[in-house]
$ cat model04.cif   # mmCIF, N, CA and C atoms
data_structure
#
loop_
_atom_site.group_PDB
_atom_site.id
_atom_site.type_symbol
_atom_site.label_atom_id
_atom_site.label_comp_id
_atom_site.auth_asym_id
_atom_site.auth_seq_id
_atom_site.Cartn_x
_atom_site.Cartn_y
_atom_site.Cartn_z
ATOM 1 N N MET A 40 0.827 -1.195 0.000
ATOM 2 C CA MET A 40 0.000 0.000 0.000
ATOM 3 C C MET A 40 0.866 1.252 0.000
ATOM 4 N N LEU A 41 1.813 1.351 0.939
ATOM 5 C CA LEU A 41 2.660 2.542 0.966
ATOM 6 C C LEU A 41 3.457 2.698 -0.322
ATOM 7 N N SER A 42 3.920 1.588 -0.881
ATOM 8 C CA SER A 42 4.699 1.678 -2.112
ATOM 9 C C SER A 42 3.865 2.237 -3.258
ATOM 10 N N ASP A 43 2.543 2.052 -3.216
ATOM 11 C CA ASP A 43 1.667 2.617 -4.247
ATOM 12 C C ASP A 43 1.480 4.123 -4.066
ATOM 13 N N LEU A 44 1.593 4.605 -2.832
ATOM 14 C CA LEU A 44 1.358 6.024 -2.552
ATOM 15 C C LEU A 44 2.637 6.853 -2.587
ATOM 16 N N ASN A 45 3.747 6.272 -2.156
ATOM 17 C CA ASN A 45 5.005 7.004 -2.066
ATOM 18 C C ASN A 45 5.673 7.038 -3.429
ATOM 19 N N ASP A 46 6.020 8.230 -3.879
ATOM 20 C CA ASP A 46 6.639 8.389 -5.188
ATOM 21 C C ASP A 46 8.084 8.854 -5.042
ATOM 22 N N GLY A 47 8.820 8.240 -4.089
ATOM 23 C CA GLY A 47 10.238 8.557 -3.936
ATOM 24 C C GLY A 47 10.555 9.530 -2.823
ATOM 25 N N SER A 48 9.693 9.639 -1.819
ATOM 26 C CA SER A 48 9.987 10.535 -0.700
ATOM 27 C C SER A 48 11.250 10.080 0.002
ATOM 28 N N GLY A 49 12.046 11.018 0.454
ATOM 29 C CA GLY A 49 13.292 10.704 1.144
ATOM 30 C C GLY A 49 13.787 11.900 1.916
ATOM 31 N N ASP A 50 14.981 11.761 2.491
ATOM 32 C CA ASP A 50 15.528 12.819 3.319
ATOM 33 C C ASP A 50 17.043 12.722 3.285
ATOM 34 N N ASN A 51 17.739 13.865 3.270
ATOM 35 C CA ASN A 51 19.200 13.876 3.281
ATOM 36 C C ASN A 51 19.773 13.620 4.668
ATOM 37 N N CYS A 52 18.939 13.649 5.707
ATOM 38 C CA CYS A 52 19.411 13.523 7.084
ATOM 39 C C CYS A 52 19.413 12.084 7.597
ATOM 40 N N GLY A 53 18.963 11.146 6.815
ATOM 41 C CA GLY A 53 18.957 9.760 7.273
ATOM 42 C C GLY A 53 17.665 9.050 6.928
ATOM 43 N N ALA A 54 17.381 8.032 7.723
ATOM 44 C CA ALA A 54 16.217 7.183 7.478
ATOM 45 C C ALA A 54 14.916 7.945 7.705
ATOM 46 N N VAL A 55 13.893 7.528 6.984
ATOM 47 C CA VAL A 55 12.565 8.111 7.147
ATOM 48 C C VAL A 55 11.570 6.997 7.413
ATOM 49 N N THR A 56 10.470 7.349 8.066
ATOM 50 C CA THR A 56 9.374 6.414 8.266
ATOM 51 C C THR A 56 8.146 6.982 7.579
ATOM 52 N N PHE A 57 7.291 6.089 7.135
ATOM 53 C CA PHE A 57 6.085 6.472 6.421
ATOM 54 C C PHE A 57 4.882 5.938 7.176
ATOM 55 N N SER A 58 3.787 6.676 7.101
ATOM 56 C CA SER A 58 2.525 6.183 7.637
ATOM 57 C C SER A 58 1.386 6.790 6.829
ATOM 58 N N VAL A 59 0.235 6.128 6.895
ATOM 59 C CA VAL A 59 -0.971 6.627 6.234
ATOM 60 C C VAL A 59 -2.109 6.591 7.232
ATOM 61 N N ASP A 60 -3.078 7.478 7.064
ATOM 62 C CA ASP A 60 -4.205 7.507 7.999
ATOM 63 C C ASP A 60 -5.286 6.493 7.628
ATOM 64 N N ILE A 61 -5.327 6.064 6.373
ATOM 65 C CA ILE A 61 -6.288 5.050 5.928
ATOM 66 C C ILE A 61 -5.496 4.000 5.155
ATOM 67 N N ASP A 62 -5.630 2.726 5.543
ATOM 68 C CA ASP A 62 -4.907 1.693 4.809
ATOM 69 C C ASP A 62 -5.794 0.536 4.371
ATOM 70 N N THR A 63 -7.105 0.660 4.579
ATOM 71 C CA THR A 63 -8.040 -0.374 4.157
ATOM 72 C C THR A 63 -9.203 0.286 3.431
ATOM 73 N N PHE A 64 -9.511 -0.249 2.262
ATOM 74 C CA PHE A 64 -10.595 0.285 1.451
ATOM 75 C C PHE A 64 -11.577 -0.843 1.203
ATOM 76 N N THR A 65 -12.775 -0.706 1.719
ATOM 77 C CA THR A 65 -13.744 -1.798 1.654
ATOM 78 C C THR A 65 -14.813 -1.610 0.581
ATOM 79 N N ALA A 66 -14.793 -0.485 -0.092
ATOM 80 C CA ALA A 66 -15.827 -0.235 -1.095
ATOM 81 C C ALA A 66 -15.242 0.567 -2.252
ATOM 82 N N VAL A 67 -15.879 0.456 -3.398
ATOM 83 C CA VAL A 67 -15.515 1.253 -4.561
ATOM 84 C C VAL A 67 -15.761 2.716 -4.224
ATOM 85 N N GLY A 68 -14.846 3.597 -4.632
ATOM 86 C CA GLY A 68 -15.022 5.019 -4.380
ATOM 87 C C GLY A 68 -13.712 5.766 -4.409
ATOM 88 N N VAL A 69 -13.770 7.043 -4.039
ATOM 89 C CA VAL A 69 -12.602 7.914 -3.983
ATOM 90 C C VAL A 69 -12.299 8.194 -2.521
ATOM 91 N N TYR A 70 -11.033 7.998 -2.139
ATOM 92 C CA TYR A 70 -10.592 8.213 -0.764
ATOM 93 C C TYR A 70 -9.445 9.212 -0.760
ATOM 94 N N PHE A 71 -9.441 10.078 0.249
ATOM 95 C CA PHE A 71 -8.347 11.027 0.430
ATOM 96 C C PHE A 71 -7.502 10.503 1.579
ATOM 97 N N VAL A 72 -6.255 10.151 1.278
ATOM 98 C CA VAL A 72 -5.365 9.501 2.228
ATOM 99 C C VAL A 72 -4.220 10.452 2.547
ATOM 100 N N VAL A 73 -3.916 10.607 3.836
ATOM 101 C CA VAL A 73 -2.800 11.442 4.265
ATOM 102 C C VAL A 73 -1.573 10.554 4.441
ATOM 103 N N LEU A 74 -0.539 10.826 3.641
ATOM 104 C CA LEU A 74 0.744 10.149 3.737
ATOM 105 C C LEU A 74 1.666 11.029 4.565
ATOM 106 N N THR A 75 2.207 10.490 5.656
ATOM 107 C CA THR A 75 3.092 11.236 6.549
ATOM 108 C C THR A 75 4.495 10.656 6.463
ATOM 109 N N VAL A 76 5.493 11.543 6.300
ATOM 110 C CA VAL A 76 6.895 11.147 6.248
ATOM 111 C C VAL A 76 7.603 11.845 7.411
ATOM 112 N N ILE A 77 8.315 11.052 8.220
ATOM 113 C CA ILE A 77 9.053 11.599 9.371
ATOM 114 C C ILE A 77 10.501 11.150 9.267
ATOM 115 N N ASP A 78 11.454 12.120 9.387
ATOM 116 C CA ASP A 78 12.866 11.741 9.331
ATOM 117 C C ASP A 78 13.390 11.441 10.739
ATOM 118 N N SER A 79 14.654 11.055 10.812
ATOM 119 C CA SER A 79 15.246 10.622 12.081
ATOM 120 C C SER A 79 15.374 11.760 13.101
ATOM 121 N N PHE A 80 15.211 13.015 12.690
ATOM 122 C CA PHE A 80 15.258 14.158 13.604
ATOM 123 C C PHE A 80 13.865 14.621 14.015
ATOM 124 N N GLY A 81 12.824 13.934 13.558
ATOM 125 C CA GLY A 81 11.463 14.288 13.923
ATOM 126 C C GLY A 81 10.803 15.274 12.990
ATOM 127 N N ASN A 82 11.498 15.683 11.935
ATOM 128 C CA ASN A 82 10.880 16.568 10.946
ATOM 129 C C ASN A 82 9.800 15.779 10.218
ATOM 130 N N MET A 83 8.651 16.410 10.050
ATOM 131 C CA MET A 83 7.505 15.709 9.504
ATOM 132 C C MET A 83 6.900 16.493 8.343
ATOM 133 N N HIS A 84 6.394 15.762 7.361
ATOM 134 C CA HIS A 84 5.675 16.383 6.248
ATOM 135 C C HIS A 84 4.503 15.485 5.872
ATOM 136 N N ASP A 85 3.341 16.095 5.679
ATOM 137 C CA ASP A 85 2.139 15.380 5.267
ATOM 138 C C ASP A 85 1.771 15.786 3.846
ATOM 139 N N VAL A 86 1.227 14.843 3.117
ATOM 140 C CA VAL A 86 0.678 15.139 1.801
ATOM 141 C C VAL A 86 -0.590 14.306 1.654
ATOM 142 N N THR A 87 -1.606 14.909 1.075
ATOM 143 C CA THR A 87 -2.859 14.195 0.843
ATOM 144 C C THR A 87 -2.863 13.687 -0.587
ATOM 145 N N VAL A 88 -3.109 12.397 -0.721
ATOM 146 C CA VAL A 88 -3.176 11.784 -2.045
ATOM 147 C C VAL A 88 -4.573 11.222 -2.255
ATOM 148 N N THR A 89 -4.983 11.156 -3.502
ATOM 149 C CA THR A 89 -6.294 10.626 -3.851
ATOM 150 C C THR A 89 -6.143 9.174 -4.295
ATOM 151 N N VAL A 90 -6.910 8.302 -3.665
ATOM 152 C CA VAL A 90 -6.921 6.888 -4.026
ATOM 153 C C VAL A 90 -8.296 6.574 -4.600
ATOM 154 N N SER A 91 -8.313 6.094 -5.833
ATOM 155 C CA SER A 91 -9.576 5.703 -6.462
ATOM 156 C C SER A 91 -9.653 4.180 -6.481
ATOM 157 N N VAL A 92 -10.687 3.641 -5.876
ATOM 158 C CA VAL A 92 -10.913 2.201 -5.864
ATOM 159 C C VAL A 92 -11.990 1.913 -6.899
ATOM 160 N N ILE A 93 -11.616 1.113 -7.895
ATOM 161 C CA ILE A 93 -12.548 0.782 -8.963
ATOM 162 C C ILE A 93 -12.811 -0.720 -8.960
ATOM 163 N N ASP A 94 -13.911 -1.111 -9.495
ATOM 164 C CA ASP A 94 -14.254 -2.523 -9.597
ATOM 165 C C ASP A 94 -13.923 -2.983 -11.005
ATOM 166 N N ASN A 95 -12.761 -3.625 -11.140
ATOM 167 C CA ASN A 95 -12.372 -4.138 -12.447
ATOM 168 C C ASN A 95 -12.092 -5.634 -12.378
ATOM 169 N N THR A 96 -12.812 -6.308 -11.493
ATOM 170 C CA THR A 96 -12.644 -7.746 -11.353
ATOM 171 C C THR A 96 -13.079 -8.453 -12.629
ATOM 172 N N LEU A 97 -12.224 -9.316 -13.129
ATOM 173 C CA LEU A 97 -12.546 -10.074 -14.335
ATOM 174 C C LEU A 97 -13.491 -11.211 -13.977
ATOM 175 N N THR A 98 -14.418 -11.479 -14.855
ATOM 176 C CA THR A 98 -15.340 -12.582 -14.642
ATOM 177 C C THR A 98 -15.341 -13.474 -15.871
ATOM 178 N N VAL A 99 -15.898 -14.631 -15.744
ATOM 179 C CA VAL A 99 -15.975 -15.556 -16.862
ATOM 180 C C VAL A 99 -16.780 -14.955 -18.001
ATOM 181 N N ASN A 100 -17.765 -14.122 -17.692
ATOM 182 C CA ASN A 100 -18.591 -13.502 -18.729
ATOM 183 C C ASN A 100 -17.788 -12.587 -19.636
ATOM 184 N N ASP A 101 -16.605 -12.112 -19.178
ATOM 185 C CA ASP A 101 -15.783 -11.217 -19.982
ATOM 186 C C ASP A 101 -14.970 -11.956 -21.040
ATOM 187 N N ILE A 102 -14.958 -13.289 -21.015
ATOM 188 C CA ILE A 102 -14.097 -14.069 -21.894
ATOM 189 C C ILE A 102 -14.937 -14.779 -22.948
ATOM 190 N N LYS A 103 -14.580 -14.593 -24.211
ATOM 191 C CA LYS A 103 -15.216 -15.353 -25.287
ATOM 192 C C LYS A 103 -14.431 -16.649 -25.427
ATOM 193 N N THR A 104 -15.091 -17.757 -25.214
ATOM 194 C CA THR A 104 -14.388 -19.040 -25.155
ATOM 195 C C THR A 104 -14.463 -19.847 -26.436
ATOM 196 N N GLU A 105 -14.904 -19.284 -27.520
ATOM 197 C CA GLU A 105 -14.959 -20.005 -28.782
ATOM 198 C C GLU A 105 -13.545 -20.184 -29.327
ATOM 199 N N GLY A 106 -13.170 -21.421 -29.648
ATOM 200 C CA GLY A 106 -11.892 -21.674 -30.288
ATOM 201 C C GLY A 106 -10.755 -22.013 -29.357
ATOM 202 N N PHE A 107 -10.964 -21.940 -28.064
ATOM 203 C CA PHE A 107 -9.902 -22.329 -27.137
ATOM 204 C C PHE A 107 -10.490 -22.760 -25.806
ATOM 205 N N LYS A 108 -9.668 -23.493 -25.065
ATOM 206 C CA LYS A 108 -10.054 -23.939 -23.731
ATOM 207 C C LYS A 108 -8.941 -23.588 -22.758
ATOM 208 N N VAL A 109 -9.322 -23.140 -21.575
ATOM 209 C CA VAL A 109 -8.384 -22.824 -20.505
ATOM 210 C C VAL A 109 -8.805 -23.630 -19.290
ATOM 211 N N TYR A 110 -7.871 -24.375 -18.709
ATOM 212 C CA TYR A 110 -8.199 -25.191 -17.539
ATOM 213 C C TYR A 110 -6.927 -25.488 -16.757
ATOM 214 N N PRO A 111 -6.991 -25.880 -15.502
ATOM 215 C CA PRO A 111 -8.170 -25.842 -14.624
ATOM 216 C C PRO A 111 -8.451 -24.432 -14.153
ATOM 217 N N ASN A 112 -9.650 -24.212 -13.680
ATOM 218 C CA ASN A 112 -10.046 -22.911 -13.153
ATOM 219 C C ASN A 112 -10.794 -23.142 -11.848
ATOM 220 N N PRO A 113 -10.285 -22.703 -10.721
ATOM 221 C CA PRO A 113 -9.031 -21.957 -10.511
ATOM 222 C C PRO A 113 -7.812 -22.859 -10.649
ATOM 223 N N THR A 114 -6.637 -22.236 -10.703
ATOM 224 C CA THR A 114 -5.404 -22.992 -10.873
ATOM 225 C C THR A 114 -4.316 -22.469 -9.954
ATOM 226 N N ILE A 115 -3.346 -23.335 -9.693
ATOM 227 C CA ILE A 115 -2.139 -22.950 -8.957
ATOM 228 C C ILE A 115 -0.954 -23.501 -9.744
ATOM 229 N N ASN A 116 -0.079 -22.631 -10.217
ATOM 230 C CA ASN A 116 1.180 -22.965 -10.880
ATOM 231 C C ASN A 116 1.060 -23.475 -12.314
ATOM 232 N N ILE A 117 0.075 -24.276 -12.668
ATOM 233 C CA ILE A 117 -0.024 -24.824 -14.026
ATOM 234 C C ILE A 117 -1.360 -24.425 -14.646
ATOM 235 N N LEU A 118 -1.279 -23.832 -15.834
ATOM 236 C CA LEU A 118 -2.465 -23.423 -16.571
ATOM 237 C C LEU A 118 -2.361 -23.994 -17.980
ATOM 238 N N HIS A 119 -3.380 -24.692 -18.426
ATOM 239 C CA HIS A 119 -3.397 -25.267 -19.765
ATOM 240 C C HIS A 119 -4.256 -24.386 -20.678
ATOM 241 N N VAL A 120 -3.731 -24.085 -21.854
ATOM 242 C CA VAL A 120 -4.473 -23.340 -22.866
ATOM 243 C C VAL A 120 -4.384 -24.143 -24.158
ATOM 244 N N ASN A 121 -5.532 -24.594 -24.646
ATOM 245 C CA ASN A 121 -5.591 -25.372 -25.893
ATOM 246 C C ASN A 121 -6.407 -24.602 -26.925
ATOM 247 N N PHE A 122 -5.848 -24.479 -28.141
ATOM 248 C CA PHE A 122 -6.528 -23.806 -29.237
ATOM 249 C C PHE A 122 -7.009 -24.842 -30.242
ATOM 250 N N GLU A 123 -8.190 -24.622 -30.813
ATOM 251 C CA GLU A 123 -8.747 -25.559 -31.790
ATOM 252 C C GLU A 123 -7.966 -25.552 -33.101
ATOM 253 N N LYS A 124 -7.458 -24.394 -33.493
ATOM 254 C CA LYS A 124 -6.722 -24.282 -34.741
ATOM 255 C C LYS A 124 -5.269 -23.954 -34.439
ATOM 256 N N GLN A 125 -4.367 -24.535 -35.240
ATOM 257 C CA GLN A 125 -2.962 -24.206 -35.082
ATOM 258 C C GLN A 125 -2.714 -22.784 -35.543
ATOM 259 N N GLY A 126 -1.766 -22.136 -34.922
ATOM 260 C CA GLY A 126 -1.433 -20.778 -35.286
ATOM 261 C C GLY A 126 -0.586 -20.159 -34.202
ATOM 262 N N GLU A 127 -0.287 -18.902 -34.373
ATOM 263 C CA GLU A 127 0.479 -18.174 -33.378
ATOM 264 C C GLU A 127 -0.484 -17.298 -32.593
ATOM 265 N N TYR A 128 -0.500 -17.460 -31.292
ATOM 266 C CA TYR A 128 -1.428 -16.740 -30.433
ATOM 267 C C TYR A 128 -0.661 -16.011 -29.345
ATOM 268 N N SER A 129 -1.234 -14.945 -28.857
ATOM 269 C CA SER A 129 -0.694 -14.269 -27.669
ATOM 270 C C SER A 129 -1.865 -13.966 -26.747
ATOM 271 N N PHE A 130 -1.593 -13.996 -25.461
ATOM 272 C CA PHE A 130 -2.641 -13.713 -24.492
ATOM 273 C C PHE A 130 -2.019 -13.235 -23.192
ATOM 274 N N LEU A 131 -2.828 -12.593 -22.404
ATOM 275 C CA LEU A 131 -2.425 -12.103 -21.088
ATOM 276 C C LEU A 131 -3.266 -12.817 -20.045
ATOM 277 N N VAL A 132 -2.676 -13.094 -18.883
ATOM 278 C CA VAL A 132 -3.405 -13.721 -17.788
ATOM 279 C C VAL A 132 -3.385 -12.763 -16.609
ATOM 280 N N TYR A 133 -4.563 -12.550 -16.022
ATOM 281 C CA TYR A 133 -4.713 -11.657 -14.884
ATOM 282 C C TYR A 133 -5.225 -12.441 -13.684
ATOM 283 N N ASP A 134 -4.827 -12.008 -12.480
ATOM 284 C CA ASP A 134 -5.393 -12.626 -11.282
ATOM 285 C C ASP A 134 -6.733 -11.970 -10.970
ATOM 286 N N ILE A 135 -7.379 -12.425 -9.919
ATOM 287 C CA ILE A 135 -8.736 -11.969 -9.592
ATOM 288 C C ILE A 135 -8.798 -10.468 -9.296
ATOM 289 N N SER A 136 -7.661 -9.881 -8.892
ATOM 290 C CA SER A 136 -7.658 -8.443 -8.597
ATOM 291 C C SER A 136 -7.381 -7.595 -9.826
ATOM 292 N N GLY A 137 -7.136 -8.238 -10.985
ATOM 293 C CA GLY A 137 -6.857 -7.501 -12.210
ATOM 294 C C GLY A 137 -5.381 -7.280 -12.463
ATOM 295 N N LYS A 138 -4.500 -7.856 -11.631
ATOM 296 C CA LYS A 138 -3.052 -7.724 -11.807
ATOM 297 C C LYS A 138 -2.590 -8.703 -12.879
ATOM 298 N N GLU A 139 -1.810 -8.193 -13.834
ATOM 299 C CA GLU A 139 -1.277 -9.061 -14.882
ATOM 300 C C GLU A 139 -0.234 -9.991 -14.271
ATOM 301 N N ILE A 140 -0.411 -11.314 -14.495
ATOM 302 C CA ILE A 140 0.529 -12.272 -13.913
ATOM 303 C C ILE A 140 1.262 -13.102 -14.966
ATOM 304 N N LEU A 141 0.827 -13.056 -16.214
ATOM 305 C CA LEU A 141 1.486 -13.808 -17.277
ATOM 306 C C LEU A 141 1.265 -13.104 -18.599
ATOM 307 N N ARG A 142 2.331 -12.950 -19.354
ATOM 308 C CA ARG A 142 2.248 -12.313 -20.675
ATOM 309 C C ARG A 142 2.694 -13.312 -21.711
#
$ encode --input "model04.cif" --output "structure tokens"
Amino acid sequence: MLSDLNDGSGDNCGAVTFSVDIDTFTAVGVYFVVLTVIDSFGNMHDVTVTVSVIDNTLTVNDIKTEGFKVYPNPTINILHVNFEKQGEYSFLVYDISGKEILR
């Protein structure tokens, strides 16, 4: 979560710590999150960032399955993709959260 909000904050005086006032998002919407950075001397800076939570979960209805088969579903480590016709194909695989996991 912090790595998604922090865009390279740092300090010339040494180590810094980061904190956020909201770290759990339970619903789709726009959230205003305060990111706080504190250096080893106690100097502090806050910045408010906007976090947009969208529902982009992939479902089976989003996939046209004519001409190929993908199994097993769900899977761990091994995924089989069979095409009815020979040819050169490319595809992307996403996890349930929409993160690309295979290209």
$ closest_residue --input "model04.cif" --among "A:Ile77, A:Val59, A:Ala66, A:Val72" --to "A:Asp94" --atoms "all atoms listed in the file"
A:Ala66
$ select_by_dssp --input "model04.cif" --residues "chain A" --states "strand (DSSP E)" --output "PyMOL selection string"
chain A and resi 55-59+68-78+83-92+107-110+119-122+132-133+139-141
$ atom_distance --input "model04.cif" --atom1 "atom CA of A:Met83" --atom2 "atom CA of A:Ser58"
10.9 Å
$ residues_around --input "model04.cif" --residues "A:Val55" --least-positions-apart "3" --cutoff "8 Å" --atoms "all atoms listed in the file" --output "list in words"
Ser48, Gly49, Asp50, Cys52, Ser58, Val76, Ile77, Asp78, Ser79 and Phe80 of chain A
$ resolve_selection --input "model04.cif" --expression "the PyMOL selection byres ((chain A and resi 130) around 6.5)" --output "list in words"
Tyr128, Ser129, Leu131, Val132, Leu141 and Arg142 of chain A
$ write_last_selection --input "model04.cif" --atoms "N, CA and C atoms" --output "short mmCIF file (atom, residue, chain, number, x, y, z; two decimals), in the frame of the given file"
data_model
loop_
_atom_site.label_atom_id
_atom_site.label_comp_id
_atom_site.auth_asym_id
_atom_site.auth_seq_id
_atom_site.Cartn_x
_atom_site.Cartn_y
_atom_site.Cartn_z
N TYR A 128 -0.50 -17.46 -31.29
CA TYR A 128 -1.43 -16.74 -30.43
C TYR A 128 -0.66 -16.01 -29.34
N SER A 129 -1.23 -14.94 -28.86
CA SER A 129 -0.69 -14.27 -27.67
C SER A 129 -1.86 -13.97 -26.75
N LEU A 131 -2.83 -12.59 -22.40
CA LEU A 131 -2.42 -12.10 -21.09
C LEU A 131 -3.27 -12.82 -20.05
N VAL A 132 -2.68 -13.09 -18.88
CA VAL A 132 -3.40 -13.72 -17.79
C VAL A 132 -3.38 -12.76 -16.61
N LEU A 141 0.83 -13.06 -16.21
CA LEU A 141 1.49 -13.81 -17.28
C LEU A 141 1.26 -13.10 -18.60
N ARG A 142 2.33 -12.95 -19.35
CA ARG A 142 2.25 -12.31 -20.68
C ARG A 142 2.69 -13.31 -21.71
#
$ select_by_dssp --input "model04.cif" --residues "chain A" --states "alpha helix (DSSP H)" --output "count of residues only"
4
$ closest_residue --input "model04.cif" --among "A:Gly53, A:Gly106, A:Val92, A:Thr75" --to "A:Gln125" --atoms "only C-alpha atoms"
A:Gly106
$ atom_distance --input "model04.cif" --atom1 "atom N of A:Ile135" --atom2 "atom CA of A:Pro113"
9.7 Å
$ atom_distance --input "model04.cif" --atom1 "atom C of A:Lys108" --atom2 "atom C of A:Glu123"
10.6 Å
$ closest_residue --input "model04.cif" --among "A:Ser91, A:Asn116, A:Thr56, A:Ser136" --to "A:Phe71" --atoms "only C-alpha atoms"
A:Ser91
$ closest_residue --input "model04.cif" --among "A:Ile117, A:Asn112, A:Thr89, A:Gly126" --to "A:Val69" --atoms "all atoms listed in the file"
A:Thr89
